[in-house]
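Undergrad: Below is my_file.cif; it holds mmCIF, N, CA and C atoms.
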data_query
#
loop_
_atom_site.label_atom_id
_atom_site.label_comp_id
_atom_site.auth_asym_id
_atom_site.auth_seq_id
_atom_site.Cartn_x
_atom_site.Cartn_y
_atom_site.Cartn_z
N HIS A 1 -31.94 113.88 28.80
CA HIS A 1 -32.27 112.63 29.47
C HIS A 1 -30.98 111.81 29.59
N PRO A 2 -30.77 111.17 30.72
CA PRO A 2 -29.53 110.41 30.91
C PRO A 2 -29.28 109.35 29.82
N LYS A 3 -30.33 108.70 29.36
CA LYS A 3 -30.15 107.68 28.32
C LYS A 3 -29.71 108.32 27.00
N GLU A 4 -30.24 109.49 26.70
CA GLU A 4 -29.83 110.20 25.47
C GLU A 4 -28.38 110.65 25.57
N ARG A 5 -27.98 111.12 26.74
CA ARG A 5 -26.57 111.50 26.93
C ARG A 5 -25.65 110.30 26.70
N ALA A 6 -26.06 109.16 27.22
CA ALA A 6 -25.25 107.94 27.05
C ALA A 6 -25.18 107.55 25.57
N GLU A 7 -26.30 107.66 24.87
CA GLU A 7 -26.30 107.35 23.43
C GLU A 7 -25.36 108.27 22.68
N LEU A 8 -25.41 109.55 22.99
CA LEU A 8 -24.53 110.51 22.30
C LEU A 8 -23.07 110.24 22.63
N ASP A 9 -22.78 109.95 23.89
CA ASP A 9 -21.40 109.65 24.30
C ASP A 9 -20.85 108.41 23.61
N ALA A 10 -21.73 107.46 23.28
CA ALA A 10 -21.29 106.21 22.65
C ALA A 10 -20.99 106.38 21.16
N LEU A 11 -21.43 107.48 20.58
CA LEU A 11 -21.22 107.70 19.15
C LEU A 11 -19.82 108.25 18.87
N ALA A 12 -19.37 108.04 17.65
CA ALA A 12 -18.14 108.69 17.21
C ALA A 12 -18.36 110.20 17.24
N ARG A 13 -17.34 110.94 17.57
CA ARG A 13 -17.44 112.40 17.70
C ARG A 13 -18.08 113.04 16.47
N ALA A 14 -17.77 112.56 15.29
CA ALA A 14 -18.30 113.14 14.05
C ALA A 14 -19.80 112.91 13.89
N ASP A 15 -20.34 111.87 14.53
CA ASP A 15 -21.76 111.55 14.40
C ASP A 15 -22.63 112.24 15.45
N ARG A 16 -22.03 112.81 16.46
CA ARG A 16 -22.79 113.41 17.55
C ARG A 16 -23.64 114.61 17.15
N PRO A 17 -23.14 115.56 16.35
CA PRO A 17 -23.98 116.72 16.01
C PRO A 17 -25.28 116.35 15.32
N THR A 18 -25.24 115.40 14.41
CA THR A 18 -26.45 114.98 13.71
C THR A 18 -27.43 114.31 14.66
N ALA A 19 -26.93 113.43 15.52
CA ALA A 19 -27.79 112.74 16.48
C ALA A 19 -28.37 113.74 17.50
N PHE A 20 -27.56 114.70 17.91
CA PHE A 20 -28.05 115.72 18.84
C PHE A 20 -29.15 116.56 18.19
N ALA A 21 -28.96 116.93 16.93
CA ALA A 21 -29.98 117.73 16.21
C ALA A 21 -31.29 116.96 16.12
N ARG A 22 -31.22 115.67 15.83
CA ARG A 22 -32.44 114.84 15.80
C ARG A 22 -33.14 114.88 17.15
N CYS A 23 -32.39 114.63 18.20
CA CYS A 23 -32.94 114.58 19.54
C CYS A 23 -33.53 115.94 19.94
N TRP A 24 -32.80 117.00 19.70
CA TRP A 24 -33.24 118.33 20.11
C TRP A 24 -34.53 118.74 19.41
N THR A 25 -34.63 118.49 18.11
CA THR A 25 -35.85 118.89 17.40
C THR A 25 -37.05 118.06 17.86
N ARG A 26 -36.83 116.80 18.19
CA ARG A 26 -37.91 115.98 18.74
C ARG A 26 -38.37 116.53 20.08
N LYS A 27 -37.40 116.87 20.93
CA LYS A 27 -37.72 117.43 22.25
C LYS A 27 -38.50 118.73 22.10
N GLU A 28 -38.02 119.58 21.22
CA GLU A 28 -38.66 120.87 21.01
C GLU A 28 -40.09 120.70 20.51
N ALA A 29 -40.30 119.79 19.58
CA ALA A 29 -41.65 119.54 19.06
C ALA A 29 -42.56 119.03 20.18
N TYR A 30 -42.06 118.12 20.98
CA TYR A 30 -42.84 117.55 22.08
C TYR A 30 -43.20 118.62 23.11
N LEU A 31 -42.22 119.40 23.53
CA LEU A 31 -42.46 120.42 24.55
C LEU A 31 -43.40 121.51 24.04
N LYS A 32 -43.30 121.85 22.77
CA LYS A 32 -44.24 122.81 22.19
C LYS A 32 -45.64 122.21 22.13
N GLY A 33 -45.71 120.92 21.81
CA GLY A 33 -47.00 120.24 21.78
C GLY A 33 -47.67 120.24 23.15
N LEU A 34 -46.87 120.07 24.19
CA LEU A 34 -47.40 120.11 25.55
C LEU A 34 -47.85 121.52 25.93
N GLY A 35 -47.29 122.51 25.22
CA GLY A 35 -47.60 123.89 25.55
C GLY A 35 -46.69 124.49 26.60
N THR A 36 -45.64 123.76 26.96
CA THR A 36 -44.74 124.23 28.00
C THR A 36 -43.48 124.88 27.44
N GLY A 37 -43.10 124.49 26.25
CA GLY A 37 -41.82 124.95 25.73
C GLY A 37 -40.71 124.55 26.68
N LEU A 38 -39.65 125.33 26.72
CA LEU A 38 -38.49 124.98 27.54
C LEU A 38 -38.67 125.31 29.01
N SER A 39 -39.88 125.72 29.41
CA SER A 39 -40.11 125.89 30.85
C SER A 39 -40.16 124.52 31.54
N ARG A 40 -40.36 123.46 30.75
CA ARG A 40 -40.29 122.09 31.26
C ARG A 40 -38.88 121.56 30.95
N ASP A 41 -38.28 120.89 31.89
CA ASP A 41 -36.93 120.35 31.73
C ASP A 41 -36.89 119.34 30.59
N PRO A 42 -36.09 119.59 29.54
CA PRO A 42 -36.00 118.65 28.41
C PRO A 42 -35.46 117.28 28.79
N ALA A 43 -34.80 117.18 29.94
CA ALA A 43 -34.20 115.91 30.35
C ALA A 43 -35.23 114.95 30.96
N VAL A 44 -36.46 115.40 31.17
CA VAL A 44 -37.46 114.56 31.83
C VAL A 44 -37.89 113.39 30.96
N ASN A 45 -38.12 113.63 29.68
CA ASN A 45 -38.64 112.58 28.81
C ASN A 45 -37.61 112.15 27.78
N TYR A 46 -37.62 110.86 27.47
CA TYR A 46 -36.71 110.25 26.51
C TYR A 46 -37.36 110.18 25.14
N VAL A 47 -36.71 110.77 24.12
CA VAL A 47 -37.21 110.70 22.74
C VAL A 47 -36.23 109.99 21.81
N GLY A 48 -35.03 109.71 22.30
CA GLY A 48 -34.03 108.98 21.52
C GLY A 48 -33.21 109.88 20.62
N THR A 49 -32.02 109.37 20.30
CA THR A 49 -31.11 110.09 19.43
C THR A 49 -30.90 109.37 18.10
N GLY A 50 -31.41 108.15 18.01
CA GLY A 50 -31.20 107.32 16.83
C GLY A 50 -32.11 107.67 15.67
N LEU A 51 -32.02 106.86 14.64
CA LEU A 51 -32.79 107.11 13.42
C LEU A 51 -34.29 106.92 13.62
N THR A 52 -34.68 106.15 14.62
CA THR A 52 -36.09 105.92 14.89
C THR A 52 -36.50 106.65 16.16
N PRO A 53 -37.42 107.61 16.07
CA PRO A 53 -37.86 108.32 17.26
C PRO A 53 -38.62 107.40 18.22
N VAL A 54 -38.58 107.73 19.48
CA VAL A 54 -39.26 106.96 20.51
C VAL A 54 -40.52 107.71 20.93
N PRO A 55 -41.68 107.06 20.95
CA PRO A 55 -42.90 107.75 21.40
C PRO A 55 -42.82 108.07 22.89
N VAL A 56 -43.49 109.13 23.28
CA VAL A 56 -43.56 109.53 24.69
C VAL A 56 -45.03 109.48 25.09
N GLY A 57 -45.39 108.44 25.84
CA GLY A 57 -46.80 108.28 26.21
C GLY A 57 -47.67 108.25 24.97
N PRO A 58 -48.69 109.10 24.92
CA PRO A 58 -49.58 109.12 23.76
C PRO A 58 -49.04 109.96 22.60
N TRP A 59 -47.83 110.48 22.73
CA TRP A 59 -47.23 111.32 21.70
C TRP A 59 -46.35 110.49 20.77
N THR A 60 -46.51 110.69 19.47
CA THR A 60 -45.68 110.05 18.46
C THR A 60 -44.72 111.09 17.89
N MET A 61 -43.45 110.76 17.87
CA MET A 61 -42.44 111.65 17.28
C MET A 61 -42.18 111.22 15.84
N THR A 62 -42.07 112.18 14.96
CA THR A 62 -41.77 111.90 13.56
C THR A 62 -40.70 112.87 13.09
N ASP A 63 -39.63 112.35 12.54
CA ASP A 63 -38.62 113.21 11.92
C ASP A 63 -39.14 113.64 10.56
N ILE A 64 -38.95 114.90 10.23
CA ILE A 64 -39.40 115.45 8.96
C ILE A 64 -38.19 115.65 8.06
N PRO A 65 -38.21 115.06 6.87
CA PRO A 65 -37.07 115.24 5.97
C PRO A 65 -36.89 116.71 5.58
N VAL A 66 -35.66 117.17 5.64
CA VAL A 66 -35.29 118.51 5.23
C VAL A 66 -34.15 118.31 4.24
N ASP A 67 -34.13 119.06 3.17
CA ASP A 67 -33.10 118.90 2.15
C ASP A 67 -31.74 118.55 2.75
N GLY A 68 -31.33 117.31 2.56
CA GLY A 68 -30.02 116.86 3.02
C GLY A 68 -29.90 116.71 4.52
N ALA A 69 -31.00 116.84 5.23
CA ALA A 69 -30.93 116.86 6.69
C ALA A 69 -30.74 115.48 7.29
N VAL A 70 -30.32 115.47 8.48
CA VAL A 70 -30.13 114.32 9.35
C VAL A 70 -29.28 113.25 8.69
N ALA A 71 -29.83 112.49 7.77
CA ALA A 71 -29.04 111.41 7.16
C ALA A 71 -27.88 111.98 6.36
N GLY A 72 -28.13 113.11 5.67
CA GLY A 72 -27.09 113.71 4.86
C GLY A 72 -26.13 114.58 5.65
N GLY A 73 -26.48 114.85 6.90
CA GLY A 73 -25.58 115.61 7.74
C GLY A 73 -25.44 117.07 7.38
N SER A 74 -26.48 117.70 6.84
CA SER A 74 -26.40 119.10 6.45
C SER A 74 -26.42 120.03 7.64
N GLY A 75 -26.71 119.52 8.81
CA GLY A 75 -26.82 120.37 9.99
C GLY A 75 -28.24 120.80 10.27
N TYR A 76 -29.18 120.43 9.43
CA TYR A 76 -30.58 120.77 9.65
C TYR A 76 -31.36 119.54 10.08
N ALA A 77 -32.32 119.76 10.95
CA ALA A 77 -33.20 118.67 11.37
C ALA A 77 -34.56 119.27 11.68
N ALA A 78 -35.59 118.47 11.50
CA ALA A 78 -36.95 118.90 11.82
C ALA A 78 -37.72 117.70 12.34
N ALA A 79 -38.69 117.96 13.20
CA ALA A 79 -39.49 116.88 13.78
C ALA A 79 -40.86 117.43 14.15
N MET A 80 -41.79 116.50 14.29
CA MET A 80 -43.11 116.89 14.81
C MET A 80 -43.52 115.88 15.86
N ALA A 81 -44.36 116.35 16.76
CA ALA A 81 -44.93 115.50 17.81
C ALA A 81 -46.44 115.52 17.62
N LEU A 82 -47.02 114.34 17.54
CA LEU A 82 -48.45 114.22 17.31
C LEU A 82 -49.08 113.49 18.48
N LEU A 83 -50.08 114.12 19.08
CA LEU A 83 -50.80 113.51 20.17
C LEU A 83 -51.85 112.57 19.61
N SER A 84 -51.79 111.32 20.00
CA SER A 84 -52.76 110.33 19.52
C SER A 84 -54.12 110.66 20.13
N SER A 85 -55.14 110.58 19.29
CA SER A 85 -56.48 110.85 19.81
C SER A 85 -57.07 109.57 20.38
N SER A 86 -57.85 109.71 21.40
CA SER A 86 -58.49 108.56 22.03
C SER A 86 -59.74 108.20 21.25
N PRO A 87 -59.98 106.93 20.99
CA PRO A 87 -61.18 106.54 20.25
C PRO A 87 -62.47 106.81 21.05
N HIS A 88 -62.32 107.05 22.36
CA HIS A 88 -63.50 107.29 23.20
C HIS A 88 -63.70 108.76 23.51
N ALA A 89 -62.94 109.62 22.88
CA ALA A 89 -63.05 111.06 23.19
C ALA A 89 -64.25 111.68 22.51
#
For this file, write the structure as structure tokens.
TA:
Amino acid sequence: HPKERAELDALARADRPTAFARCWTRKEAYLKGLGTGLSRDPAVNYVGTGLTPVPVGPWTMTDIPVDGAVAGGSGYAAAMALLSSSPHA
């Protein structure tokens, strides 16, 4: 997503891999939740690169702690995408 590219470009070079890993795992979780996987262009929806994930429509993104991941910069990241249920369903 163009906004995510801009966020990554604004970061110090050393901080980019961690932010990219956060963003990529959020995208992957969302696209798998949709059932499309990478057959849908990952640039279509914005999930953010920062410490707080951005919801996409009725989908909530959550970063999952992994030993030393993301904040610790171990190179590992995990996320899940949860579709909010409608109270009228």
Undergrad: When you draw a straight line from atom C of Glu4 (chain A) to CA of Ser85 (chain A), how long is it in Å?
TA: 28.7 Å
Undergrad: Rounded to one decimal place, report the CA of Met80 (chain A)-atom N of Asp9 (chain A) distance in Å.
TA: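 Answer for the CA of Met80 (chain A) to atom N of Asp9 (chain A) separation: 23.3 Å.
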Undergrad: Enumerate, as a PyMOL selection string, the residues matched when the PyMOL selection byres ((chain A and resi 16-20) around 7) is run on the file above.
TA: chain A and resi 8+11-15+21-25+48-50+70+73+75
Undergrad: Mind giving me the straight-line distance from atom N of Thr36 (chain A) to CA of Thr52 (chain A) in Å, one decimal?
TA: 23.6 Å
Undergrad: Could you please write out, as a ChimeraX atom specification, every residue of chain A that DSSP assigns to alpha helix (DSSP H)?
TA: /A:2-10,16-34
Undergrad: Here's the selection I'm unsure about, the PyMOL selection byres ((chain A and resi 60) around 6); applied to the file above, which residues does it give, as a PyMOL selection string?
TA: chain A and resi 55-56+58-59+61-62+80-84
